[in-house]
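Colleague: Structure supplied as structure.txt; contents: compact mmCIF, C-alpha atoms and all ligand atoms.
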# COMPACT_ATOMS: atom_id res chain seq x y z
CA MET J 30 85.08 124.24 134.09
CA TYR J 31 86.87 122.86 137.12
CA PHE J 32 89.53 124.68 139.07
CA CYS J 33 91.95 123.66 141.72
CA PRO J 34 92.42 126.43 144.26
CA SER J 35 95.74 125.19 145.61
CA PHE J 36 97.82 123.58 142.91
CA THR J 37 101.11 122.44 144.39
CA PHE J 38 101.66 119.08 142.75
CA SER J 39 104.06 118.76 139.83
CA MET J 40 103.68 116.04 137.19
CA LYS J 41 107.16 116.50 135.78
CA PRO J 42 109.01 113.84 137.80
CA ILE J 43 106.31 111.29 136.93
CA ILE J 44 106.46 112.11 133.23
CA ILE J 45 110.25 111.75 133.18
CA LEU J 46 110.12 108.52 135.16
CA THR J 47 107.51 106.85 132.96
CA TYR J 48 109.35 108.02 129.87
CA LEU J 49 112.49 106.26 131.07
CA LEU J 50 110.56 103.13 132.01
CA PHE J 51 109.11 103.02 128.54
CA PHE J 52 112.56 102.61 127.10
CA LEU J 53 114.31 100.63 129.81
CA SER J 54 111.75 98.38 131.34
CA THR J 55 111.82 94.63 131.06
CA ASP J 56 110.03 94.24 134.37
CA LEU J 57 106.42 93.15 133.94
CA SER J 58 105.32 95.01 137.03
CA ALA J 59 106.56 98.26 135.50
CA GLN J 60 104.65 98.03 132.24
CA LEU J 61 102.66 101.05 131.26
CA ARG J 62 98.89 100.92 131.04
CA CYS J 63 99.16 103.25 128.06
CA ALA J 64 102.25 104.62 126.35
CA PHE J 65 100.46 107.37 124.41
CA ASP J 66 102.21 110.29 126.16
CA GLU J 67 105.62 108.64 126.10
CA HIS J 68 105.37 107.68 122.43
CA ARG J 69 104.17 111.15 121.48
CA ASN J 70 107.07 112.72 123.40
CA ALA J 71 109.55 110.43 121.66
CA GLN J 72 108.12 111.24 118.23
CA GLU J 73 108.01 114.96 118.93
CA GLN J 74 111.73 114.80 119.69
CA LYS J 75 112.31 112.91 116.46
CA TYR J 76 110.35 115.21 114.15
CA GLU J 77 110.87 118.94 114.25
CA GLY J 78 107.57 120.78 114.21
CA MET J 79 105.45 117.85 115.35
CA ALA J 80 105.07 119.17 118.90
CA ALA J 81 103.81 122.52 117.65
CA GLN J 82 101.44 120.82 115.24
CA ASN J 83 100.05 118.51 117.91
CA GLU J 84 99.45 121.56 120.09
CA ALA J 85 97.75 123.44 117.25
CA LEU J 86 95.56 120.45 116.37
CA ASN J 87 94.67 119.91 120.01
CA GLN J 88 93.55 123.52 120.20
CA SER J 89 91.71 123.39 116.90
CA LEU J 90 89.66 120.32 117.76
CA GLN J 91 87.88 122.17 120.52
CA ASN J 92 86.94 124.90 118.04
CA LEU J 93 85.97 122.57 115.26
CA PRO J 94 82.42 121.41 115.72
CA PHE J 95 81.42 118.50 113.58
CA PRO J 96 79.82 120.29 110.63
CA THR J 97 76.04 119.95 110.58
CA SER J 98 76.11 119.12 106.91
CA ALA J 99 78.39 116.19 107.64
CA GLN J 100 76.31 114.80 110.49
CA PRO J 101 75.86 111.13 109.92
CA ARG J 102 72.34 110.02 109.15
CA GLN J 103 73.37 106.88 110.84
CA GLU J 104 76.45 105.90 112.77
CA ILE J 105 79.95 106.42 111.40
CA THR J 106 81.59 103.06 110.79
CA ILE J 107 85.38 102.98 110.81
CA PRO J 108 87.09 100.13 108.96
CA VAL J 109 89.73 98.33 111.02
CA VAL J 110 92.60 96.14 109.90
CA VAL J 111 94.23 94.01 112.59
CA HIS J 112 97.84 93.03 111.95
CA ILE J 113 98.77 90.01 114.07
CA LEU J 114 102.56 89.76 114.38
CA TYR J 115 103.68 86.52 115.97
CA SER J 116 106.89 84.64 116.62
CA THR J 117 105.25 82.03 118.88
CA GLU J 118 101.93 80.21 118.50
CA ALA J 119 100.58 81.89 121.65
CA GLU J 120 101.05 85.28 120.03
CA ASN J 121 99.04 84.14 117.00
CA ILE J 122 95.74 84.81 118.73
CA PRO J 123 92.60 83.19 117.27
CA ASP J 124 90.02 84.94 115.10
CA GLN J 125 87.46 84.67 117.91
CA GLN J 126 89.60 86.90 120.12
CA ILE J 127 89.72 89.49 117.36
CA TYR J 128 85.96 89.35 116.79
CA ALA J 129 85.46 89.71 120.55
CA GLN J 130 87.62 92.85 120.52
CA ILE J 131 85.55 94.43 117.77
CA ASP J 132 82.42 93.63 119.80
CA VAL J 133 83.90 95.31 122.89
CA ILE J 134 84.78 98.57 121.13
CA ASN J 135 81.39 98.66 119.42
CA GLU J 136 79.60 98.18 122.73
CA ASP J 137 81.73 100.79 124.49
CA PHE J 138 81.44 103.45 121.79
CA ARG J 139 77.68 102.87 121.40
CA LEU J 140 77.01 102.85 125.17
CA LEU J 141 75.84 99.25 124.98
CA ASN J 142 78.33 98.11 127.64
CA GLU J 143 76.70 96.23 130.48
CA ASN J 144 78.49 98.12 133.26
CA VAL J 145 76.78 101.42 132.39
CA GLN J 146 74.49 100.64 135.30
CA ASN J 147 77.46 100.85 137.70
CA ILE J 148 78.25 104.47 136.81
CA PRO J 149 77.62 106.64 139.90
CA ASP J 150 74.43 108.70 139.60
CA GLU J 151 76.48 111.91 139.51
CA PHE J 152 78.04 110.85 136.21
CA LYS J 153 75.25 108.86 134.55
CA PRO J 154 73.95 111.95 132.67
CA PHE J 155 77.41 112.40 131.12
CA ALA J 156 77.52 108.99 129.44
CA VAL J 157 76.74 109.15 125.72
CA ASP J 158 76.47 106.98 122.65
CA THR J 159 79.26 108.32 120.43
CA GLU J 160 77.54 106.97 117.29
CA ILE J 161 80.94 105.71 116.15
CA GLU J 162 81.22 102.05 115.19
CA PHE J 163 83.93 99.77 113.85
CA CYS J 164 84.01 96.94 111.35
CA LEU J 165 86.75 94.51 110.46
CA ALA J 166 87.49 95.78 106.97
CA SER J 167 85.60 93.89 104.29
CA ILE J 168 87.32 95.57 101.34
CA GLY J 169 91.08 96.04 101.36
CA PRO J 170 92.98 99.02 99.96
CA ASP J 171 93.28 97.23 96.61
CA GLY J 172 89.48 96.91 96.36
CA VAL J 173 89.53 93.17 96.99
CA PRO J 174 87.30 91.55 99.66
CA THR J 175 89.20 90.81 102.88
CA THR J 176 88.74 89.45 106.39
CA GLY J 177 90.41 92.56 107.85
CA ILE J 178 92.88 90.27 109.65
CA ASN J 179 96.48 90.23 108.48
CA ARG J 180 98.61 87.49 110.06
CA ILE J 181 102.36 87.82 109.75
CA GLN J 182 104.89 85.40 111.19
CA THR J 183 108.06 87.21 112.23
CA GLU J 184 111.52 86.31 113.37
CA VAL J 185 111.63 89.37 115.60
CA ASP J 186 110.98 88.68 119.27
CA CYS J 187 109.22 91.43 121.22
CA ILE J 188 108.40 93.13 117.92
CA ALA J 189 105.71 95.31 119.48
CA ARG J 190 108.23 96.83 121.89
CA ILE J 191 108.60 99.55 119.31
CA ALA J 192 111.06 101.71 121.20
CA THR J 193 113.74 99.00 121.09
CA SER J 194 112.71 96.76 118.14
CA VAL J 195 114.18 99.20 115.67
CA GLN J 196 116.35 99.17 112.59
CA GLY J 197 117.89 102.47 111.75
CA ASN J 198 115.23 105.05 112.38
CA ARG J 199 112.29 102.69 112.00
CA SER J 200 110.33 100.50 114.39
CA GLN J 201 110.29 97.05 112.81
CA LEU J 202 106.63 96.44 113.68
CA PHE J 203 105.44 98.85 110.99
CA TYR J 204 107.49 97.64 108.01
CA SER J 205 107.15 94.34 106.17
CA SER J 206 110.68 94.57 104.83
CA ILE J 207 112.19 94.39 108.33
CA GLY J 208 109.94 91.79 109.95
CA GLY J 209 106.75 93.75 110.61
CA SER J 210 103.60 94.53 108.64
CA ASP J 211 103.05 97.52 106.39
CA ALA J 212 100.08 99.69 107.27
CA TRP J 213 97.06 99.75 105.03
CA ASP J 214 96.29 103.27 103.78
CA THR J 215 96.18 105.02 107.14
CA GLU J 216 93.80 107.69 105.88
CA ARG J 217 91.18 105.06 105.07
CA TYR J 218 91.75 102.37 107.72
CA LEU J 219 92.36 102.24 111.43
CA ASN J 220 95.45 100.04 111.64
CA ILE J 221 95.83 98.01 114.82
CA TRP J 222 99.09 96.12 115.27
CA VAL J 223 98.92 93.31 117.83
CA GLY J 224 102.14 91.72 119.04
CA ASN J 225 104.35 91.07 122.03
CA THR J 226 105.58 94.18 123.84
CA CYS J 227 107.44 91.92 126.31
CA GLY J 228 106.01 93.82 129.21
CA ASP J 229 106.71 97.36 128.04
CA PHE J 230 103.15 98.60 127.72
CA LEU J 231 99.59 97.40 127.20
CA GLY J 232 98.73 99.76 124.37
CA LEU J 233 99.56 102.98 122.61
CA ALA J 234 98.08 105.18 119.92
CA THR J 235 99.65 107.76 117.69
CA SER J 236 98.84 111.44 118.07
CA ILE J 237 96.83 113.33 115.47
CA ALA J 238 99.86 115.11 113.97
CA VAL J 239 101.46 111.80 112.97
CA PRO J 240 99.69 111.49 109.57
CA ASP J 241 101.66 114.53 108.37
CA TYR J 242 105.01 113.19 109.54
CA GLN J 243 105.00 109.42 109.68
CA PRO J 244 101.76 108.07 108.14
CA GLU J 245 103.24 104.58 107.76
CA GLU J 246 103.28 104.27 111.58
CA ASP J 247 99.87 105.82 112.22
CA GLY J 248 97.51 103.70 114.28
CA ILE J 249 97.39 101.66 117.45
CA VAL J 250 99.64 99.03 119.01
CA ILE J 251 98.32 96.58 121.59
CA ASP J 252 100.08 93.76 123.40
CA TYR J 253 98.50 90.42 122.42
CA ASN J 254 97.70 89.61 126.07
CA TYR J 255 95.36 92.59 126.28
CA PHE J 256 93.64 92.41 122.91
CA GLY J 257 90.13 90.97 122.83
CA ASN J 258 88.11 89.69 125.70
CA ASN J 259 90.38 87.56 127.88
CA CYS J 260 88.02 87.33 130.80
CA ASN J 261 89.36 83.91 131.80
CA SER J 262 92.98 84.97 131.80
CA ASP J 263 94.55 85.56 135.20
CA PHE J 264 97.63 86.85 133.43
CA SER J 265 95.73 89.59 131.60
CA ALA J 266 93.60 90.61 134.59
CA PRO J 267 92.65 93.26 135.50
CA TYR J 268 93.10 94.54 131.93
CA ASN J 269 91.40 91.55 130.39
CA LEU J 270 88.13 92.86 128.98
CA GLY J 271 89.36 94.60 125.84
CA ARG J 272 89.23 98.17 127.08
CA THR J 273 92.86 98.91 126.26
CA ALA J 274 91.62 99.19 122.66
CA THR J 275 88.68 101.40 123.67
CA HIS J 276 91.10 103.76 125.44
CA GLU J 277 93.66 103.81 122.61
CA ILE J 278 91.04 104.44 119.92
CA GLY J 279 89.95 107.40 122.05
CA HIS J 280 93.50 108.76 121.72
CA PHE J 281 93.59 108.00 118.01
CA LEU J 282 90.44 110.11 117.62
CA GLY J 283 91.95 113.07 119.46
CA LEU J 284 91.28 112.40 123.15
CA LEU J 285 93.95 113.10 125.76
CA HIS J 286 94.35 111.87 129.31
CA PRO J 287 92.12 113.86 131.65
CA TRP J 288 94.73 114.46 134.34
CA GLY J 289 97.74 116.63 134.92
CA ASN J 290 96.57 120.20 135.23
CA CYS J 291 94.45 121.27 138.17
CA GLU J 292 94.87 124.96 137.54
CA SER J 293 92.69 125.09 134.50
CA ASP J 294 90.63 122.55 132.65
CA ASP J 295 92.86 122.34 129.61
CA SER J 296 94.59 119.04 130.35
CA ASP J 297 92.27 117.35 127.85
CA PHE J 298 90.59 120.40 126.25
CA ILE J 299 87.20 119.07 127.33
CA SER J 300 84.86 120.84 129.71
CA ASP J 301 82.73 117.95 130.94
CA THR J 302 85.57 115.73 132.19
CA PRO J 303 86.46 116.96 135.68
CA SER J 304 90.06 117.96 136.28
CA GLN J 305 92.04 115.38 138.21
CA ASP J 306 95.62 115.52 139.34
CA ALA J 307 96.76 111.97 138.48
CA PRO J 308 95.48 108.79 136.83
CA TYR J 309 93.25 106.38 138.72
CA TYR J 310 94.15 102.70 138.90
CA GLY J 311 92.20 99.74 140.19
CA CYS J 312 88.53 100.08 140.99
CA PRO J 313 88.14 103.17 143.14
CA SER J 314 85.08 103.62 145.30
CA TYR J 315 82.83 106.63 144.79
CA PRO J 316 83.49 109.48 145.33
CA GLN J 317 87.13 110.30 144.56
CA ILE J 318 88.09 113.94 144.93
CA SER J 319 91.01 115.87 143.50
CA CYS J 320 91.44 119.38 142.14
CA GLY J 321 88.46 120.33 144.27
CA SER J 322 85.96 118.18 142.36
CA SER J 323 84.61 114.66 142.16
CA ASP J 324 86.65 112.69 139.63
CA MET J 325 85.36 110.59 136.76
CA TYR J 326 87.63 107.63 137.48
CA MET J 327 85.35 105.35 135.44
CA ASN J 328 85.96 107.27 132.20
CA PHE J 329 87.47 105.19 129.38
CA MET J 330 90.40 107.63 129.22
CA ASN J 331 91.41 106.90 132.82
CA TYR J 332 93.67 104.01 133.89
CA SER J 333 91.12 102.12 135.98
CA ASP J 334 90.71 98.37 135.66
CA ASP J 335 88.80 97.28 132.57
CA VAL J 336 85.80 96.14 134.59
CA CYS J 337 85.48 99.61 136.12
CA MET J 338 85.67 101.75 132.97
CA ALA J 339 82.28 102.64 131.55
CA LEU J 340 81.84 105.88 129.64
CA PHE J 341 82.76 108.57 127.17
CA THR J 342 81.23 112.01 127.77
CA ALA J 343 79.39 114.31 125.37
CA GLY J 344 82.49 116.52 125.25
CA GLN J 345 84.65 113.56 124.32
CA LYS J 346 82.17 112.55 121.63
CA GLU J 347 82.22 116.07 120.20
CA ARG J 348 86.01 116.04 120.10
CA MET J 349 86.17 112.63 118.41
CA LEU J 350 83.61 113.74 115.81
CA ALA J 351 85.67 116.91 115.27
CA ALA J 352 88.72 114.72 114.63
CA LEU J 353 86.63 112.71 112.17
CA ALA J 354 85.67 115.95 110.42
CA GLY J 355 89.31 117.16 110.48
CA PRO J 356 92.55 115.20 110.69
CA ARG J 357 90.84 111.80 110.64
CA ALA J 358 88.22 112.65 107.97
CA GLY J 359 89.50 110.03 105.54
CA LEU J 360 88.13 107.29 107.79
CA THR J 361 84.56 108.49 107.23
CA GLU J 362 85.07 108.43 103.47
CA SER J 363 86.48 104.93 103.33
CA VAL J 364 84.64 102.14 101.56
CA GLY J 365 86.51 99.61 103.73
CA CYS J 366 83.28 98.60 105.47
CA ALA J 367 81.24 98.11 102.30
CA LEU J 368 80.10 94.57 101.52
CA LEU J 369 79.28 94.18 105.20
CA ASP J 370 76.83 91.64 106.46
CA PRO J 371 77.13 88.99 103.80
CA ILE J 372 74.25 87.08 105.37
CA VAL J 373 71.17 89.10 104.53
CA PRO J 374 67.47 88.42 105.00
CA PHE J 375 67.10 89.02 101.31
CA GLY J 376 69.45 87.66 98.68
CA ARG J 377 71.68 89.79 96.50
CA ASP J 378 69.39 88.93 93.62
CA ALA J 379 66.52 90.75 95.39
CA ILE J 380 68.06 94.01 94.19
CA SER J 381 68.94 94.73 90.59
CA LEU J 382 71.07 97.61 89.42
CA TYR J 383 71.16 98.12 85.67
CA PRO J 384 72.36 98.66 83.06
CA ASN J 385 75.98 97.99 83.99
CA PRO J 386 77.85 99.88 82.71
CA ALA J 387 75.34 102.73 82.89
CA GLU J 388 75.35 105.90 80.83
CA ASN J 389 72.76 108.47 81.95
CA CYS J 390 70.38 106.49 84.17
CA ILE J 391 70.91 103.86 86.85
CA HIS J 392 67.78 101.79 87.41
CA ILE J 393 67.05 100.00 90.67
CA ASP J 394 64.54 97.19 91.06
CA PHE J 395 63.59 95.58 94.37
CA ASP J 396 61.78 92.44 95.32
CA ALA J 397 58.52 93.47 96.92
CA ASP J 398 59.10 91.32 100.02
CA ILE J 399 62.11 93.24 101.36
CA PRO J 400 60.85 94.46 104.74
CA GLY J 401 60.59 98.11 105.84
CA ASP J 402 62.38 101.20 104.58
CA ILE J 403 65.40 100.84 102.38
CA GLN J 404 68.30 103.29 102.69
CA VAL J 405 70.14 103.73 99.44
CA GLN J 406 73.55 105.35 99.43
CA MET J 407 75.85 105.74 96.46
CA LEU J 408 79.56 106.47 96.90
CA ASP J 409 82.24 107.13 94.35
CA ALA J 410 85.53 105.24 94.50
CA ALA J 411 86.97 107.90 96.82
CA GLY J 412 84.14 107.34 99.29
CA GLN J 413 82.31 110.61 98.54
CA GLU J 414 78.57 110.38 98.80
CA ILE J 415 76.88 110.93 95.45
CA TYR J 416 73.31 110.02 96.27
CA TYR J 417 71.24 109.15 99.29
CA THR J 418 67.60 108.40 99.85
CA ILE J 419 65.30 106.45 102.12
CA GLU J 420 62.60 104.65 100.20
CA SER J 421 59.48 103.18 101.70
CA SER J 422 57.75 102.30 98.46
CA ARG J 423 59.36 99.97 95.98
CA ASN J 424 59.01 102.30 93.00
CA PHE J 425 62.39 103.94 92.72
CA ARG J 426 63.02 106.63 90.23
CA PRO J 427 66.27 106.02 88.37
CA ILE J 428 69.41 107.71 89.70
CA ASP J 429 70.44 110.46 87.32
CA ALA J 430 73.96 109.72 86.13
CA THR J 431 74.08 112.45 83.48
CA ASN J 432 76.66 114.50 85.36
CA LEU J 433 78.65 111.68 86.90
CA PRO J 434 82.19 111.18 85.66
CA ASN J 435 83.14 107.81 84.27
CA GLY J 436 84.23 105.40 86.98
CA ILE J 437 83.27 102.77 89.52
CA TYR J 438 80.54 103.54 92.07
CA PHE J 439 79.30 101.61 95.09
CA VAL J 440 75.60 101.50 95.87
CA SER J 441 74.65 100.24 99.35
CA PHE J 442 71.17 99.09 100.29
CA ARG J 443 70.34 98.88 103.97
CA ALA J 444 67.14 97.30 105.19
CA ALA J 445 66.19 95.13 108.15
CA LYS J 446 69.57 95.97 109.75
CA GLN J 447 71.40 94.36 106.86
CA THR J 448 73.44 95.93 104.11
CA ILE J 449 74.44 94.77 100.71
CA THR J 450 76.64 96.74 98.38
CA LYS J 451 76.73 96.52 94.61
CA LYS J 452 79.25 97.95 92.25
CA ILE J 453 78.30 99.77 89.08
CA MET J 454 80.33 101.41 86.38
CA VAL J 455 79.39 104.67 84.69
CA LEU J 456 80.74 104.83 81.15
CA LYS J 457 79.88 107.36 78.47
ZN ZN D 501 96.19 106.63 127.31
Show me this structure written as C-alpha cells.

Modeller:
Amino acid sequence: MYFCPSFTFSMKPIIILTYLLFFLSTDLSAQLRCAFDEHRNAQEQKYEGMAAQNEALNQSLQNLPFPTSAQPRQEITIPVVVHILYSTEAENIPDQQIYAQIDVINEDFRLLNENVQNIPDEFKPFAVDTEIEFCLASIGPDGVPTTGINRIQTEVDCIARIATSVQGNRSQLFYSSIGGSDAWDTERYLNIWVGNTCGDFLGLATSIAVPDYQPEEDGIVIDYNYFGNNCNSDFSAPYNLGRTATHEIGHFLGLLHPWGNCESDDSDFISDTPSQDAPYYGCPSYPQISCGSSDMYMNFMNYSDDVCMALFTAGQKERMLAALAGPRAGLTESVGCALLDPIVPFGRDAISLYPNPAENCIHIDFDADIPGDIQVQMLDAAGQEIYYTIESSRNFRPIDATNLPNGIYFVSFRAAKQTITKKIMVLK
C-alpha cells in the first residue's frame, strides 16, 4: 500500500478538460494518448446503472482470484479479430503491420519485450509474464476458417472518431449498416477496430460493464497510425511501437490507470503499482517521486512513450486473470484460435481420429516419429474442455464418449510447439 501524507491536488479540472477535448478536438497536438476514462464517462452517462456496475465489477475483481481449478496448464490464448475501416488507401494498412501488432502484444504480455533490461532495478522484481497470449482468429464465429482480418471500405471519413461519427445513438464504426463493421461475438473474440480518429485519440477500450449494456460496441479502437510497429514513422513517434494496443488490452481485461488518488491505493485497485498523482509522458529518468513513493512510470498502463513502457506487475496479472475468470470468461472458452499453426513438423495425416462419427469410443493413432510429449485437449462446440491428457508414449487409450451428448467436438494435438486441431462428431 502507498499513501500520500499531504494530498492537495485535485484531478477534477483535468478530467473535465480532457473530456471536453475528446469531443471537441480537431487539433493533432491535443489528441489523447488513451480515451478509456472519457469513453467510459460518456457511456456511463448514456446508460443508467452502468457506472454502478463498473464500480461493483472493479471492486469484485480484486476479490476474485483466478480459480485454481481454472488455472491454465499452458498460456491462455485470446482470439483477436482486427476490423480495418478505411476510406483512403493509407488507412488500409497492410497485413504485415497487423502481424507485427500481434507480435508486439504477445511479447509484452509474455515478458519477452527487449526493453525489460531497461527497467530500473527497483521495479525489475515486479515484472511478470502474464501467461496471456493472442492469436489472429483462425476460426470465425460461423465456424469457418478465417484470417482474423476484416477489411471494410467505408464512405465515412474519420469513422474511428466515435464520439462524433454517430448516427442516432450509435457510433458508425461498430455497425455495418451505417458504414462500420459489426463486431464478431464479443464474448468469444477480442474485437479491435482500426481506423482514422482524425487526431482525437490514439486508442480506447471499453470498460468491463459494457458487455451487459452494449455488447455490439465491446472491444478496442485504435487509430491506424498507432497500430502495429511503425518504428520508421516520424508521424507516429513516439507512440510508434505498438504499445497503444498493449495498454488498451490491459483496460479491456480490467486494468485502470494507476494515477489519480494519492490518499489511498485504490485508484487502480492494485497493491503493487505505486500510487502516483498524474500520468507520466515522455521518457522520464529514474527515479520519479509522487504521493511519497517512487513511481512506476514504465508500466504499460502509464502514458510514457512506447519505447519506455516495459512491464505489467503480478497484481495486474492477477486482475486480468480474474477478469478472464469473470466478466471476460467467454474469451478463454473460445475456439477462435483452434486450427492454429497450419505449418506443422508433422502432417495432419500423422494423427488419426476415428471412427467419425463416433459412438462410444474415439480412437487416436499417432505416427511414431512425432517428437516429444503430445498434449491432447478435447473441447465441445461451446469451448468447454471435455478431455485433457499429456501423452509421452504413443499408445493412447480411446477417449470414452459414452456420456458425451451428440455434437461436434474439437480435438487439439500439441507437440513440438505446433498444434493441429481435428473435428469429430459424436452421434448415437
Ligand atoms: Zn488508458

Colleague: Quick one: residues within 12 Å of J:Cys337, all atoms listed in the file, excluding same-chain residues fewer than 5 positions away - as a PyMOL selection string?

Modeller: chain J and resi 142-149+267-270+272+309-315+325-332

Colleague: Counting only C-alpha atoms and all ligand atoms, what residues are within 12 Å of ligand ZN 501 (chain D), given as a compact mmCIF listing (two decimals) with C-alpha atoms, in the frame of the given file?

Modeller:
# COMPACT_ATOMS: atom_id res chain seq x y z
CA LEU J 61 102.66 101.05 131.26
CA ARG J 62 98.89 100.92 131.04
CA CYS J 63 99.16 103.25 128.06
CA ALA J 64 102.25 104.62 126.35
CA PHE J 65 100.46 107.37 124.41
CA ASP J 66 102.21 110.29 126.16
CA GLU J 67 105.62 108.64 126.10
CA HIS J 68 105.37 107.68 122.43
CA ARG J 69 104.17 111.15 121.48
CA PHE J 230 103.15 98.60 127.72
CA LEU J 231 99.59 97.40 127.20
CA GLY J 232 98.73 99.76 124.37
CA LEU J 233 99.56 102.98 122.61
CA ALA J 234 98.08 105.18 119.92
CA THR J 235 99.65 107.76 117.69
CA SER J 236 98.84 111.44 118.07
CA ILE J 249 97.39 101.66 117.45
CA VAL J 250 99.64 99.03 119.01
CA ILE J 251 98.32 96.58 121.59
CA ARG J 272 89.23 98.17 127.08
CA THR J 273 92.86 98.91 126.26
CA ALA J 274 91.62 99.19 122.66
CA THR J 275 88.68 101.40 123.67
CA HIS J 276 91.10 103.76 125.44
CA GLU J 277 93.66 103.81 122.61
CA ILE J 278 91.04 104.44 119.92
CA GLY J 279 89.95 107.40 122.05
CA HIS J 280 93.50 108.76 121.72
CA PHE J 281 93.59 108.00 118.01
CA LEU J 282 90.44 110.11 117.62
CA GLY J 283 91.95 113.07 119.46
CA LEU J 284 91.28 112.40 123.15
CA LEU J 285 93.95 113.10 125.76
CA HIS J 286 94.35 111.87 129.31
CA PRO J 287 92.12 113.86 131.65
CA TRP J 288 94.73 114.46 134.34
CA ASP J 297 92.27 117.35 127.85
CA PRO J 308 95.48 108.79 136.83
CA TYR J 309 93.25 106.38 138.72
CA ASN J 328 85.96 107.27 132.20
CA PHE J 329 87.47 105.19 129.38
CA MET J 330 90.40 107.63 129.22
CA ASN J 331 91.41 106.90 132.82
CA TYR J 332 93.67 104.01 133.89
CA SER J 333 91.12 102.12 135.98

Colleague: Could you list, as a list of chain:residue names, every residue within 10 Å of J:Ile107, counting all atoms listed in the file and ignoring same-chain residues fewer than 4 positions away?

Modeller: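 Surrounding residues, per the criterion: J:Ile161, J:Glu162, J:Phe163, J:Cys164, J:Leu165, J:Ala166, J:Arg217, J:Tyr218, J:Leu219, J:Leu353, J:Gly359, J:Leu360, J:Thr361, J:Glu362, J:Ser363, J:Val364, J:Gly365, J:Cys366.
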
Colleague: Might you pull out every residue within 6 Å of stretch 411-425 of chain J, with all atoms listed in the file counted and same-chain residues fewer than 2 positions away left off, and present them as a list in words?

Modeller: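 Near stretch 411-425 of chain J, the qualifying residues are Glu362, Ser363, Val364, Asp402, Ile403, Gln404, Val405, Gln406, Met407, Leu408 and Asp409 of chain J.
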
Colleague: Fewer than 6 positions away in the same chain doesn't count, so skip those; otherwise give me all residues within 12 Å of J:His112, counting only C-alpha atoms, as a ChimeraX atom specification.

Modeller: /J:120-122,124,127,165-166,176-183,189,202-205,209-213,218-224,248-253,256

Colleague: I need the chosen residues saved as a PDB file, in the frame of the given file, with C-alpha atoms.

Modeller:
ATOM      1  CA  GLU J 120     101.050  85.280 120.030  1.00  0.00           C
ATOM      2  CA  ASN J 121      99.040  84.140 117.000  1.00  0.00           C
ATOM      3  CA  ILE J 122      95.740  84.810 118.730  1.00  0.00           C
ATOM      4  CA  ASP J 124      90.020  84.940 115.100  1.00  0.00           C
ATOM      5  CA  ILE J 127      89.720  89.490 117.360  1.00  0.00           C
ATOM      6  CA  LEU J 165      86.750  94.510 110.460  1.00  0.00           C
ATOM      7  CA  ALA J 166      87.490  95.780 106.970  1.00  0.00           C
ATOM      8  CA  THR J 176      88.740  89.450 106.390  1.00  0.00           C
ATOM      9  CA  GLY J 177      90.410  92.560 107.850  1.00  0.00           C
ATOM     10  CA  ILE J 178      92.880  90.270 109.650  1.00  0.00           C
ATOM     11  CA  ASN J 179      96.480  90.230 108.480  1.00  0.00           C
ATOM     12  CA  ARG J 180      98.610  87.490 110.060  1.00  0.00           C
ATOM     13  CA  ILE J 181     102.360  87.820 109.750  1.00  0.00           C
ATOM     14  CA  GLN J 182     104.890  85.400 111.190  1.00  0.00           C
ATOM     15  CA  THR J 183     108.060  87.210 112.230  1.00  0.00           C
ATOM     16  CA  ALA J 189     105.710  95.310 119.480  1.00  0.00           C
ATOM     17  CA  LEU J 202     106.630  96.440 113.680  1.00  0.00           C
ATOM     18  CA  PHE J 203     105.440  98.850 110.990  1.00  0.00           C
ATOM     19  CA  TYR J 204     107.490  97.640 108.010  1.00  0.00           C
ATOM     20  CA  SER J 205     107.150  94.340 106.170  1.00  0.00           C
ATOM     21  CA  GLY J 209     106.750  93.750 110.610  1.00  0.00           C
ATOM     22  CA  SER J 210     103.600  94.530 108.640  1.00  0.00           C
ATOM     23  CA  ASP J 211     103.050  97.520 106.390  1.00  0.00           C
ATOM     24  CA  ALA J 212     100.080  99.690 107.270  1.00  0.00           C
ATOM     25  CA  TRP J 213      97.060  99.750 105.030  1.00  0.00           C
ATOM     26  CA  TYR J 218      91.750 102.370 107.720  1.00  0.00           C
ATOM     27  CA  LEU J 219      92.360 102.240 111.430  1.00  0.00           C
ATOM     28  CA  ASN J 220      95.450 100.040 111.640  1.00  0.00           C
ATOM     29  CA  ILE J 221      95.830  98.010 114.820  1.00  0.00           C
ATOM     30  CA  TRP J 222      99.090  96.120 115.270  1.00  0.00           C
ATOM     31  CA  VAL J 223      98.920  93.310 117.830  1.00  0.00           C
ATOM     32  CA  GLY J 224     102.140  91.720 119.040  1.00  0.00           C
ATOM     33  CA  GLY J 248      97.510 103.700 114.280  1.00  0.00           C
ATOM     34  CA  ILE J 249      97.390 101.660 117.450  1.00  0.00           C
ATOM     35  CA  VAL J 250      99.640  99.030 119.010  1.00  0.00           C
ATOM     36  CA  ILE J 251      98.320  96.580 121.590  1.00  0.00           C
ATOM     37  CA  ASP J 252     100.080  93.760 123.400  1.00  0.00           C
ATOM     38  CA  TYR J 253      98.500  90.420 122.420  1.00  0.00           C
ATOM     39  CA  PHE J 256      93.640  92.410 122.910  1.00  0.00           C
TER      40      PHE J 256
END

Colleague: Please measure the separation of atom CA of J:Ala444 and atom CA of J:Pro427, giving the value in Å to one decimal.

Modeller: 19.0 Å

Colleague: Smallest atom-to-atom distance to J:Val173: which of J:Gln201, J:Thr117, J:Lys75, J:Leu368, using only C-alpha atoms?

Modeller: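 Between J:Gln201, J:Thr117, J:Lys75, J:Leu368, the residue approaching J:Val173 most closely is J:Leu368.
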
Colleague: If we count only C-alpha atoms and set the cut-off at 8 Å, which residues sit around stretch 375-389 of chain J, ignoring sequence neighbours fewer than 3 positions away in its own chain? Please answer as a list in words.

Modeller: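 With the cut-off at 8 Å, the set is His392, Ile393, Asp394, Phe395, Asp396, Ile399, Asp429, Ala430, Thr431, Asn432, Ile449, Lys451, Ile453, Met454, Val455, Leu456 and Lys457 of chain J.
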